[in-house]
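Contents: one structure, followed by commentary.
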Amino acid sequence: MKKFIKTMLLLAIAAIPLGCANKGEEGMKKKEIAISAAASLTDALTELKNVYEDEHDDVFITLNFGSSRKLATQIEQGATADIFLSASLDDMERLKEQGLINESTIVDFTENSLVLITNNVVQIPVSSYEQLGSAKSDHISMGEPDTVPSGRYAKEVLEHLQLWTPLQDKLVMGSDVRQVLTHVEMGNADYGIVYASDAWSSDKVTVVAVADSSWHSNIIYPGAVVSDSNYPAEAQDFLDLLSGKKGSAVLQKYGFK
Amino acid sequence: MDYSPLMLSLKVAAISTTVVFISGVFFARAFARKQFFGKSVIEAIFILPLVLPPTVVGFALLLLFGKHGWIGKWLLEWFDVQIVFTWLGAVIASIVVSFPLMYQSAAAAFNSMDDRIENAARTLGASEWRVFRTISFPLAWPGLLAGLVLSFARGLGEFGATLMIAGYIPGKTDTIPMSIYFAVESGQMEKAVFWVVIIVALGFSTILWLNWWSRRNMLRYANENRSR
């Protein structure tokens with residue numbers, strides 16, 4: 001019996017390269033565009049991917065989501081990507097300086113806003129950012145300002161309203177936006193500050209206020225074709241779709257401006 | 001430099017180790033050499049946190065100890081004690097992840113002991129508590145100490161589950177591992193290196209001390225046996 005299992009295992013291992021090779025051959029028929037995109041774009045891009053693939057039979061798109069900073073680092077280290085869609089200008093700038101992206105293709109394709117969310121546990125929630133200072137709440141969650149972009153903007157908003165110092169002890173810093181949402185969804189934090197698009201993705205939280213865009217620096221999403229893309233024409237095509245009418249309609253559907 | 005993460009980490013690890021040591025020794029002694037229905041299931045539950053990803057442990061703790069969780073809600077209503085987003089949350093996370101280490105070590109120590117010595121004491125009329133205090137505990141001590149040190153080190157280094165249940169509130173719930181994580185992510189390399197050096201020094205000296213202590217103990221044990 002043991003011998004049999006061993007043989008089967010060996011066969012299985014031997015078959016791995018075969019399987020991969022087959023897949024590779026099929027893939028050769030289609031052009032593959034790899035998109036590295038900020039995690040907040042997940043829903044919108046998944047829909048746009050289908051739109052694009054329906055229009056272009058010869059192309060298929062692979063999506064790689066993560067924090068903009070991590071994705072930029074991956075591209076620096078030579079990860080395959082044809083398009084980089086960032087949630088922050090800084091990371092795009094970083095790649096531009098190193099010549100890793102095609103400068104002429106950079107386009108600011110959308111903007112996000114910062115909203116104050118609450119859950120359905122809070123009885124009478126506040127209705128504006130300003131009221132947070134006097135709100136009866138133990139904990140308010142936001143992204144950690146030095147590492148999470150949405151946290152940096154949230155800090156700007158709170159500083160603008162002079163609430164940053166008074167609220168210090170109540171601010172629970174999440175390591176990413178998802179964690180902030182979880183804290184609010186589960187009722188452990190009464191309020192949270194996230195992007196409008198994140199709030200949209202959860203049906204357990206309610207938006208109580210939108211931050212005035214003059215309170216924080218603009219939350220711009222730049223996109224560009226990566227310099228060593230294998231299919232720059234197709235990549236540009238997708239970028240046009242994204243920044244065009246169809247793209248912005250889909251983006252708006254998911255809470256972007 | 002703000003030293004509060006060091007003090008907080010030591011406090012959390014010390015409290016969790018105390019709880020884990022007492023409960024681990026209790027359960028290990030109670031279960032040693034006994035077979036009863038469901039024992040392996042209970043032991044599997046004890047060991048489970050060792051093999052689960054920290055995020056799963058953290059999420060489970062949130063479900064249990066969250067403000068609206070099964071235990072958390074009750075604690076809040078009856079004792080006005082909040083676990084989530086406080087340093088108590090860090091203690092609970094440390095307890096859960098280090099308990100398996102203590103239990104394993106203690107169970108091994110009690111199981112490998114010669115039970116004839118205990119039985120001899122019983123025939124001489126010693127109470128169960130006296131048997132435990134004067135025979136079982138001292139004989140199992142090297143194994144228990146190993147478990148104690150491992151639990152302390154594990155509690156000191158706990159990160160994933162702690163971040164989820166204790167949150168990251170600078171100055172209130174930032175343990176050393178959390179300070180390191182956020183320092184690295186935000187590119188504050190000097191701060192990160194500082195804390196890394198501290199925690200490596202702590203871990204290294206604990207293990208060094210344990211090795212030295214057990215070797216000395218073995219020598220003493222051998223000498224005593226020879227002189228007899």
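By convention in this document, the chains of the structure tokens carry letters A, B, ... by their order, each chain's residues are numbered from 1, and ligands are numbered from 1 in the order they are shown.
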### Message
Taking only C-alpha atoms into account and nothing else, which residues of chain B lie no more than 12 Å away from chain A? Please answer as a ChimeraX atom specification.
### Response
/B:55,58-59,62-69,72-73,76,82-86,159-160,162-174,178-179,181-188
What does the file look like for those residues with N, CA and C atoms, as a compact mmCIF listing (two decimals), in the first residue's frame?
# COMPACT_ATOMS: atom_id res chain seq x y z
N THR B 55 -4.68 34.96 11.99
CA THR B 55 -5.88 35.72 11.62
C THR B 55 -7.15 34.97 12.02
N GLY B 58 -7.49 35.34 15.71
CA GLY B 58 -7.92 36.71 15.98
C GLY B 58 -9.39 36.91 15.68
N PHE B 59 -9.83 36.34 14.56
CA PHE B 59 -11.24 36.49 14.19
C PHE B 59 -12.15 35.77 15.18
N LEU B 62 -12.42 37.81 18.19
CA LEU B 62 -13.32 38.94 17.97
C LEU B 62 -14.77 38.51 18.12
N LEU B 63 -15.07 37.32 17.57
CA LEU B 63 -16.44 36.81 17.67
C LEU B 63 -16.82 36.56 19.13
N LEU B 64 -15.87 36.06 19.91
CA LEU B 64 -16.16 35.73 21.30
C LEU B 64 -16.13 36.96 22.20
N PHE B 65 -15.06 37.76 22.05
CA PHE B 65 -14.83 38.84 23.00
C PHE B 65 -15.17 40.22 22.47
N GLY B 66 -15.67 40.33 21.25
CA GLY B 66 -16.08 41.62 20.70
C GLY B 66 -17.16 42.24 21.59
N LYS B 67 -17.41 43.53 21.39
CA LYS B 67 -18.40 44.21 22.22
C LYS B 67 -19.76 43.54 22.13
N HIS B 68 -20.00 42.89 20.96
CA HIS B 68 -21.28 42.21 20.79
C HIS B 68 -21.08 40.71 20.67
N GLY B 69 -19.89 40.26 21.04
CA GLY B 69 -19.58 38.83 21.00
C GLY B 69 -20.22 38.10 22.16
N GLY B 72 -17.91 38.70 25.28
CA GLY B 72 -17.62 40.12 25.43
C GLY B 72 -18.83 40.93 25.88
N LYS B 73 -20.00 40.58 25.31
CA LYS B 73 -21.24 41.28 25.63
C LYS B 73 -21.58 41.12 27.11
N LEU B 76 -19.19 42.96 29.42
CA LEU B 76 -19.45 44.38 29.39
C LEU B 76 -20.67 44.73 30.24
N GLN B 82 -14.24 45.84 29.17
CA GLN B 82 -14.15 45.69 27.73
C GLN B 82 -12.81 45.06 27.35
N ILE B 83 -12.89 44.01 26.54
CA ILE B 83 -11.68 43.29 26.15
C ILE B 83 -11.12 43.85 24.85
N VAL B 84 -12.02 44.04 23.89
CA VAL B 84 -11.56 44.43 22.57
C VAL B 84 -10.99 45.85 22.60
N PHE B 85 -9.88 46.05 21.88
CA PHE B 85 -9.18 47.34 21.81
C PHE B 85 -8.62 47.81 23.15
N THR B 86 -8.34 46.87 24.06
CA THR B 86 -7.65 47.24 25.30
C THR B 86 -6.47 46.29 25.46
N PHE B 159 1.56 38.52 17.51
CA PHE B 159 1.25 39.70 16.70
C PHE B 159 -0.11 39.62 16.01
N GLY B 160 -0.32 38.61 15.19
CA GLY B 160 -1.50 38.57 14.32
C GLY B 160 -2.82 38.69 15.04
N THR B 162 -3.29 39.50 18.11
CA THR B 162 -3.29 40.70 18.96
C THR B 162 -3.74 41.92 18.17
N LEU B 163 -3.20 42.04 16.95
CA LEU B 163 -3.56 43.20 16.14
C LEU B 163 -5.07 43.24 15.90
N MET B 164 -5.67 42.04 15.74
CA MET B 164 -7.10 42.02 15.46
C MET B 164 -7.94 42.34 16.68
N ILE B 165 -7.59 41.79 17.83
CA ILE B 165 -8.47 41.99 18.98
C ILE B 165 -8.09 43.21 19.82
N ALA B 166 -6.80 43.51 19.92
CA ALA B 166 -6.41 44.66 20.73
C ALA B 166 -6.33 45.92 19.89
N GLY B 167 -6.35 45.76 18.56
CA GLY B 167 -6.25 46.92 17.70
C GLY B 167 -4.89 47.57 17.84
N TYR B 168 -4.66 48.64 17.10
CA TYR B 168 -3.39 49.36 17.26
C TYR B 168 -3.72 50.77 17.69
N ILE B 169 -3.63 51.01 18.98
CA ILE B 169 -3.84 52.35 19.51
C ILE B 169 -2.50 52.79 20.09
N PRO B 170 -1.78 53.66 19.36
CA PRO B 170 -0.45 54.06 19.82
C PRO B 170 -0.50 54.55 21.26
N GLY B 171 0.42 54.04 22.08
CA GLY B 171 0.47 54.44 23.48
C GLY B 171 -0.43 53.64 24.39
N LYS B 172 -1.35 52.85 23.80
CA LYS B 172 -2.25 52.06 24.64
C LYS B 172 -2.15 50.57 24.39
N THR B 173 -2.14 50.18 23.12
CA THR B 173 -2.08 48.74 22.83
C THR B 173 -0.96 48.40 21.85
N ASP B 174 0.10 49.21 21.83
CA ASP B 174 1.18 48.89 20.89
C ASP B 174 2.27 48.07 21.56
N MET B 178 4.01 44.85 17.30
CA MET B 178 3.18 45.79 16.53
C MET B 178 3.99 47.02 16.15
N SER B 179 4.79 47.52 17.09
CA SER B 179 5.64 48.67 16.77
C SER B 179 6.56 48.33 15.61
N TYR B 181 6.10 46.06 13.22
CA TYR B 181 5.34 45.95 11.97
C TYR B 181 5.07 47.33 11.36
N PHE B 182 4.53 48.25 12.17
CA PHE B 182 4.16 49.54 11.61
C PHE B 182 5.38 50.40 11.29
N ALA B 183 6.47 50.20 12.05
CA ALA B 183 7.70 50.94 11.74
C ALA B 183 8.26 50.48 10.39
N VAL B 184 8.25 49.17 10.16
CA VAL B 184 8.78 48.66 8.89
C VAL B 184 7.91 49.12 7.72
N GLU B 185 6.60 48.98 7.90
CA GLU B 185 5.68 49.33 6.82
C GLU B 185 5.77 50.82 6.46
N SER B 186 6.08 51.66 7.45
CA SER B 186 6.13 53.08 7.14
C SER B 186 7.56 53.55 6.91
N GLY B 187 8.49 52.60 6.81
CA GLY B 187 9.86 52.93 6.46
C GLY B 187 10.68 53.58 7.56
N GLN B 188 10.23 53.45 8.83
CA GLN B 188 11.04 53.98 9.93
C GLN B 188 12.02 52.91 10.39
### Message
When DSSP is applied to the backbone of this structure, which of stretch 10-171 of chain A are assigned strand (DSSP E)? Write them out as an MDAnalysis selection string.
### Response
chainID A and resid 31:38 59:66 83:85 107:112 114:119 140:143 171
Using N, CA and C atoms, can you export the residues from the last selection as a compact mmCIF listing (two decimals), in the first residue's frame?
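Once written, again04.txt looks like this:
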# COMPACT_ATOMS: atom_id res chain seq x y z
N LYS A 31 -3.57 36.99 -26.10
CA LYS A 31 -2.64 37.95 -25.51
C LYS A 31 -3.04 38.15 -24.05
N GLU A 32 -2.04 38.09 -23.19
CA GLU A 32 -2.35 38.23 -21.77
C GLU A 32 -1.90 39.59 -21.26
N ILE A 33 -2.86 40.34 -20.72
CA ILE A 33 -2.51 41.63 -20.11
C ILE A 33 -2.61 41.49 -18.60
N ALA A 34 -1.53 41.79 -17.91
CA ALA A 34 -1.54 41.72 -16.45
C ALA A 34 -1.72 43.12 -15.88
N ILE A 35 -2.73 43.25 -15.01
CA ILE A 35 -2.99 44.56 -14.40
C ILE A 35 -2.69 44.49 -12.91
N SER A 36 -1.82 45.36 -12.45
CA SER A 36 -1.58 45.49 -11.01
C SER A 36 -2.38 46.68 -10.54
N ALA A 37 -3.35 46.43 -9.65
CA ALA A 37 -4.25 47.52 -9.29
C ALA A 37 -4.46 47.62 -7.79
N ALA A 38 -4.69 48.84 -7.32
CA ALA A 38 -4.98 49.09 -5.91
C ALA A 38 -6.20 48.28 -5.49
N VAL A 59 -7.81 38.76 -26.26
CA VAL A 59 -7.08 39.23 -25.08
C VAL A 59 -7.71 38.66 -23.82
N PHE A 60 -6.89 38.22 -22.90
CA PHE A 60 -7.45 37.98 -21.57
C PHE A 60 -6.63 38.69 -20.51
N ILE A 61 -7.34 39.12 -19.48
CA ILE A 61 -6.74 39.99 -18.48
C ILE A 61 -6.56 39.25 -17.17
N THR A 62 -5.38 39.39 -16.58
CA THR A 62 -5.22 38.87 -15.22
C THR A 62 -5.08 40.06 -14.28
N LEU A 63 -5.80 39.97 -13.16
CA LEU A 63 -5.81 41.08 -12.21
C LEU A 63 -5.00 40.71 -10.97
N ASN A 64 -4.18 41.65 -10.53
CA ASN A 64 -3.39 41.45 -9.32
C ASN A 64 -3.65 42.62 -8.39
N PHE A 65 -4.35 42.33 -7.29
CA PHE A 65 -4.71 43.43 -6.38
C PHE A 65 -3.80 43.47 -5.16
N GLY A 66 -3.58 44.65 -4.65
CA GLY A 66 -2.76 44.81 -3.45
C GLY A 66 -2.69 46.28 -3.10
N ILE A 83 -0.13 47.03 -16.87
CA ILE A 83 -0.76 48.27 -16.46
C ILE A 83 -0.62 48.41 -14.95
N PHE A 84 -0.33 49.61 -14.49
CA PHE A 84 -0.29 49.87 -13.06
C PHE A 84 -1.37 50.89 -12.72
N LEU A 85 -2.30 50.49 -11.87
CA LEU A 85 -3.37 51.40 -11.44
C LEU A 85 -3.18 51.66 -9.96
N VAL A 107 -2.58 58.66 -16.73
CA VAL A 107 -3.87 59.32 -16.74
C VAL A 107 -4.52 59.21 -15.36
N ASP A 108 -5.06 60.34 -14.88
CA ASP A 108 -5.78 60.29 -13.60
C ASP A 108 -7.21 59.87 -13.92
N PHE A 109 -7.51 58.60 -13.66
CA PHE A 109 -8.78 58.08 -14.18
C PHE A 109 -9.95 58.19 -13.23
N THR A 110 -9.68 58.38 -11.93
CA THR A 110 -10.82 58.57 -11.03
C THR A 110 -10.38 59.22 -9.73
N GLU A 111 -11.37 59.54 -8.92
CA GLU A 111 -11.10 60.11 -7.60
C GLU A 111 -11.98 59.41 -6.58
N ASN A 112 -11.53 59.42 -5.34
CA ASN A 112 -12.31 58.81 -4.28
C ASN A 112 -12.60 59.86 -3.23
N LEU A 114 -13.66 60.55 1.09
CA LEU A 114 -13.50 59.96 2.42
C LEU A 114 -14.82 60.07 3.18
N VAL A 115 -15.34 58.93 3.62
CA VAL A 115 -16.63 58.99 4.30
C VAL A 115 -16.51 58.49 5.74
N LEU A 116 -17.45 58.97 6.54
CA LEU A 116 -17.55 58.53 7.93
C LEU A 116 -18.64 57.47 7.97
N ILE A 117 -18.29 56.27 8.47
CA ILE A 117 -19.29 55.21 8.49
C ILE A 117 -19.63 54.81 9.92
N THR A 118 -20.79 54.20 10.06
CA THR A 118 -21.18 53.64 11.35
C THR A 118 -21.91 52.33 11.09
N ASN A 119 -22.27 51.62 12.17
CA ASN A 119 -22.99 50.35 11.99
C ASN A 119 -24.42 50.53 12.48
N ILE A 140 -13.01 54.80 17.52
CA ILE A 140 -13.20 55.20 16.12
C ILE A 140 -12.05 54.57 15.35
N SER A 141 -12.35 53.88 14.27
CA SER A 141 -11.30 53.17 13.55
C SER A 141 -10.93 53.88 12.25
N MET A 142 -9.65 53.84 11.93
CA MET A 142 -9.16 54.40 10.67
C MET A 142 -7.88 53.67 10.29
N GLY A 143 -7.40 53.88 9.08
CA GLY A 143 -6.14 53.25 8.69
C GLY A 143 -4.97 53.90 9.40
N LEU A 171 -8.68 56.38 18.81
CA LEU A 171 -8.43 55.99 17.43
C LEU A 171 -7.75 54.63 17.34
### Task
Find the distance between atom CA of B:Leu148 and atom CA of B:Ser205 and write it in Å to one decimal.
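Taking atom CA of B:Leu148 as the start and atom CA of B:Ser205 as the end point, the length is 14.5 Å.
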### Query
Which residues come within 12 Å of A:Gln98, counting only C-alpha atoms, excluding same-chain residues fewer than 5 positions away, as a PyMOL selection string?
chain A and resi 72-73+75-77+91-93+103+226-227
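Distance annotation: of A:Ile219, A:Leu95, A:Leu48, A:Val184, the residue with the minimal separation from A:Ser243 is A:Leu48; atom set is only C-alpha atoms.
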### Query
Near stretch 111-121 of chain B, within 9 Å and counting only C-alpha atoms, which residues show up once chain neighbours fewer than 6 positions away are dropped, as a PyMOL selection string?
chain B and resi 28-29+32-33+127+130-132+135-136+139-140
Write a file of the just-selected residues containing N, CA and C atoms, as a PDB file, in the first residue's frame.
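To be explicit, this is the file written out as selection_2.pdb:
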ATOM      1  N   ALA B  28      -3.068  19.507  32.414  1.00  0.00           N
ATOM      2  CA  ALA B  28      -2.146  18.433  32.064  1.00  0.00           C
ATOM      3  C   ALA B  28      -2.127  17.375  33.162  1.00  0.00           C
ATOM      4  N   ARG B  29      -2.110  17.825  34.435  1.00  0.00           N
ATOM      5  CA  ARG B  29      -2.090  16.883  35.558  1.00  0.00           C
ATOM      6  C   ARG B  29      -3.417  16.119  35.613  1.00  0.00           C
ATOM      7  N   ALA B  32      -3.438  13.584  32.761  1.00  0.00           N
ATOM      8  CA  ALA B  32      -2.311  12.671  32.587  1.00  0.00           C
ATOM      9  C   ALA B  32      -2.701  11.235  32.884  1.00  0.00           C
ATOM     10  N   ARG B  33      -2.313  10.353  32.023  1.00  0.00           N
ATOM     11  CA  ARG B  33      -2.524   8.906  32.167  1.00  0.00           C
ATOM     12  C   ARG B  33      -3.982   8.536  32.366  1.00  0.00           C
ATOM     13  N   SER B 127      -2.121  13.133  51.079  1.00  0.00           N
ATOM     14  CA  SER B 127      -3.294  13.598  50.331  1.00  0.00           C
ATOM     15  C   SER B 127      -2.891  13.861  48.887  1.00  0.00           C
ATOM     16  N   ARG B 130      -0.850  16.927  48.553  1.00  0.00           N
ATOM     17  CA  ARG B 130       0.521  16.767  49.044  1.00  0.00           C
ATOM     18  C   ARG B 130       1.357  15.969  48.042  1.00  0.00           C
ATOM     19  N   VAL B 131       0.747  14.953  47.450  1.00  0.00           N
ATOM     20  CA  VAL B 131       1.450  14.162  46.433  1.00  0.00           C
ATOM     21  C   VAL B 131       1.876  15.074  45.294  1.00  0.00           C
ATOM     22  N   PHE B 132       0.938  15.930  44.888  1.00  0.00           N
ATOM     23  CA  PHE B 132       1.230  16.832  43.772  1.00  0.00           C
ATOM     24  C   PHE B 132       2.330  17.819  44.145  1.00  0.00           C
ATOM     25  N   ILE B 135       5.750  15.700  45.187  1.00  0.00           N
ATOM     26  CA  ILE B 135       6.312  14.687  44.285  1.00  0.00           C
ATOM     27  C   ILE B 135       6.118  15.010  42.810  1.00  0.00           C
ATOM     28  N   SER B 136       4.869  15.082  42.375  1.00  0.00           N
ATOM     29  CA  SER B 136       4.618  15.258  40.938  1.00  0.00           C
ATOM     30  C   SER B 136       5.224  16.564  40.416  1.00  0.00           C
ATOM     31  N   LEU B 139       9.121  16.711  40.339  1.00  0.00           N
ATOM     32  CA  LEU B 139       9.674  15.795  39.340  1.00  0.00           C
ATOM     33  C   LEU B 139       9.408  16.294  37.922  1.00  0.00           C
ATOM     34  N   ALA B 140       8.256  16.953  37.725  1.00  0.00           N
ATOM     35  CA  ALA B 140       7.911  17.416  36.374  1.00  0.00           C
ATOM     36  C   ALA B 140       8.511  18.786  36.081  1.00  0.00           C
TER      37      ALA B 140
END
### Surrounding residues of B:Ile207 excluding itself and chain neighbours under 3 positions, 9 Å, only C-alpha atoms, as a list in words
Val149, Leu150, Ala153, Leu202, Gly203, Phe204, Leu210, Asn211 and Trp212 of chain B
Restrict the selected residues to N, CA and C atoms and save them as a compact mmCIF listing (two decimals), in the first residue's frame.
# COMPACT_ATOMS: atom_id res chain seq x y z
N VAL B 149 8.88 28.87 29.77
CA VAL B 149 9.73 29.77 28.99
C VAL B 149 9.21 29.91 27.56
N LEU B 150 8.80 28.78 26.97
CA LEU B 150 8.25 28.83 25.62
C LEU B 150 7.01 29.71 25.57
N ALA B 153 7.94 33.36 25.77
CA ALA B 153 8.50 33.85 24.51
C ALA B 153 7.42 33.99 23.46
N LEU B 202 15.93 39.72 24.13
CA LEU B 202 15.06 39.11 25.12
C LEU B 202 14.91 37.61 24.87
N GLY B 203 14.58 37.26 23.61
CA GLY B 203 14.37 35.86 23.25
C GLY B 203 15.65 35.06 23.43
N PHE B 204 16.76 35.63 22.96
CA PHE B 204 18.04 34.94 23.01
C PHE B 204 18.44 34.66 24.46
N LEU B 210 17.55 29.20 29.83
CA LEU B 210 16.88 27.91 29.98
C LEU B 210 17.86 26.76 29.79
N ASN B 211 18.69 26.89 28.73
CA ASN B 211 19.67 25.83 28.47
C ASN B 211 20.66 25.69 29.62
N TRP B 212 21.15 26.84 30.07
CA TRP B 212 22.11 26.84 31.17
C TRP B 212 21.49 26.21 32.41
Closest pair table for stretch 157-239 of chain A residues within 10 Å of stretch 51-58 of chain A, only C-alpha atoms, as a tab-separated table:
residue	atom	partner	partner_atom	distance
A:Glu234	CA	A:His56	CA	9.3
A:Asp237	CA	A:Tyr52	CA	9.1
A:Phe238	CA	A:Tyr52	CA	7.0
#### Entry: Counting only C-alpha atoms, the option among A:Ala211, A:Ala44, A:Ala39, A:Leu71 closest to A:Ala249
A:Ala44
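Atom CA of B:Asp2 to atom CA of B:Gly157 spans 18.8 Å [interatomic distance, one decimal].
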### Task
Excluding stretch 97-107 of chain B and any residue of its chain fewer than 6 positions from it, enumerate the residues within 8 Å of it, using only C-alpha atoms, and give them as a list in words.
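Surrounding residues, per the criterion: Thr17, Val20, Phe21, Gly24, Val25, Phe27, Ala28, Arg29, Phe31, Ala32, Phe46, Ile47, Leu48, Pro49, Leu50, Ala140, Gly143, Leu144, Ala146, Gly147, Leu148, Leu150, Ser151, Phe152, Arg154, Gly155 and Glu158 of chain B.
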Those residues you just picked out, can you put them in a file as an mmCIF file, in the first residue's frame with N, CA and C atoms?
data_model
loop_
_atom_site.group_PDB
_atom_site.id
_atom_site.type_symbol
_atom_site.label_atom_id
_atom_site.label_comp_id
_atom_site.auth_asym_id
_atom_site.auth_seq_id
_atom_site.Cartn_x
_atom_site.Cartn_y
_atom_site.Cartn_z
ATOM 1 N N THR B 17 1.491 34.468 30.796
ATOM 2 C CA THR B 17 2.269 33.292 31.168
ATOM 3 C C THR B 17 1.803 32.728 32.505
ATOM 4 N N VAL B 20 -1.475 30.950 31.865
ATOM 5 C CA VAL B 20 -1.240 29.757 31.064
ATOM 6 C C VAL B 20 -0.531 28.678 31.887
ATOM 7 N N PHE B 21 0.399 29.100 32.742
ATOM 8 C CA PHE B 21 1.144 28.129 33.539
ATOM 9 C C PHE B 21 0.206 27.398 34.498
ATOM 10 N N GLY B 24 -2.429 25.417 32.429
ATOM 11 C CA GLY B 24 -1.782 24.339 31.674
ATOM 12 C C GLY B 24 -1.382 23.191 32.581
ATOM 13 N N VAL B 25 -0.774 23.520 33.736
ATOM 14 C CA VAL B 25 -0.362 22.484 34.681
ATOM 15 C C VAL B 25 -1.597 21.755 35.216
ATOM 16 N N PHE B 27 -4.656 21.306 33.846
ATOM 17 C CA PHE B 27 -5.280 20.395 32.879
ATOM 18 C C PHE B 27 -4.367 19.225 32.534
ATOM 19 N N ALA B 28 -3.068 19.507 32.414
ATOM 20 C CA ALA B 28 -2.146 18.433 32.064
ATOM 21 C C ALA B 28 -2.127 17.375 33.162
ATOM 22 N N ARG B 29 -2.110 17.825 34.435
ATOM 23 C CA ARG B 29 -2.090 16.883 35.558
ATOM 24 C C ARG B 29 -3.417 16.119 35.613
ATOM 25 N N PHE B 31 -5.410 15.410 33.222
ATOM 26 C CA PHE B 31 -5.624 14.495 32.097
ATOM 27 C C PHE B 31 -4.552 13.419 31.991
ATOM 28 N N ALA B 32 -3.438 13.584 32.761
ATOM 29 C CA ALA B 32 -2.311 12.671 32.587
ATOM 30 C C ALA B 32 -2.701 11.235 32.884
ATOM 31 N N PHE B 46 -7.360 22.115 22.605
ATOM 32 C CA PHE B 46 -6.275 22.804 23.308
ATOM 33 C C PHE B 46 -5.138 23.171 22.358
ATOM 34 N N ILE B 47 -4.807 22.226 21.479
ATOM 35 C CA ILE B 47 -3.625 22.394 20.626
ATOM 36 C C ILE B 47 -3.940 23.225 19.382
ATOM 37 N N LEU B 48 -5.207 23.305 19.035
ATOM 38 C CA LEU B 48 -5.627 23.945 17.784
ATOM 39 C C LEU B 48 -4.981 25.308 17.489
ATOM 40 N N PRO B 49 -4.927 26.232 18.468
ATOM 41 C CA PRO B 49 -4.359 27.557 18.155
ATOM 42 C C PRO B 49 -2.926 27.500 17.643
ATOM 43 N N LEU B 50 -2.235 26.386 17.940
ATOM 44 C CA LEU B 50 -0.844 26.246 17.507
ATOM 45 C C LEU B 50 -0.760 26.116 15.990
ATOM 46 N N ALA B 140 8.256 16.953 37.725
ATOM 47 C CA ALA B 140 7.911 17.416 36.374
ATOM 48 C C ALA B 140 8.511 18.786 36.081
ATOM 49 N N GLY B 143 10.352 19.935 32.776
ATOM 50 C CA GLY B 143 9.438 20.018 31.634
ATOM 51 C C GLY B 143 8.515 21.222 31.759
ATOM 52 N N LEU B 144 8.048 21.469 32.979
ATOM 53 C CA LEU B 144 7.147 22.604 33.201
ATOM 54 C C LEU B 144 7.876 23.909 32.921
ATOM 55 N N ALA B 146 10.374 24.394 30.884
ATOM 56 C CA ALA B 146 10.522 24.553 29.439
ATOM 57 C C ALA B 146 9.238 25.138 28.848
ATOM 58 N N GLY B 147 8.089 24.598 29.286
ATOM 59 C CA GLY B 147 6.805 25.105 28.816
ATOM 60 C C GLY B 147 6.599 26.554 29.204
ATOM 61 N N LEU B 148 7.007 26.879 30.422
ATOM 62 C CA LEU B 148 6.860 28.248 30.929
ATOM 63 C C LEU B 148 7.634 29.230 30.056
ATOM 64 N N LEU B 150 8.805 28.778 26.971
ATOM 65 C CA LEU B 150 8.255 28.828 25.616
ATOM 66 C C LEU B 150 7.008 29.705 25.570
ATOM 67 N N SER B 151 6.136 29.546 26.574
ATOM 68 C CA SER B 151 4.900 30.329 26.615
ATOM 69 C C SER B 151 5.208 31.814 26.733
ATOM 70 N N PHE B 152 6.185 32.124 27.567
ATOM 71 C CA PHE B 152 6.556 33.525 27.747
ATOM 72 C C PHE B 152 7.063 34.118 26.429
ATOM 73 N N ARG B 154 6.503 33.025 23.409
ATOM 74 C CA ARG B 154 5.422 33.079 22.424
ATOM 75 C C ARG B 154 4.497 34.258 22.706
ATOM 76 N N GLY B 155 4.209 34.478 23.988
ATOM 77 C CA GLY B 155 3.333 35.585 24.364
ATOM 78 C C GLY B 155 3.968 36.933 24.025
ATOM 79 N N GLU B 158 3.624 37.509 20.174
ATOM 80 C CA GLU B 158 2.320 37.403 19.525
ATOM 81 C C GLU B 158 1.973 38.688 18.762
#
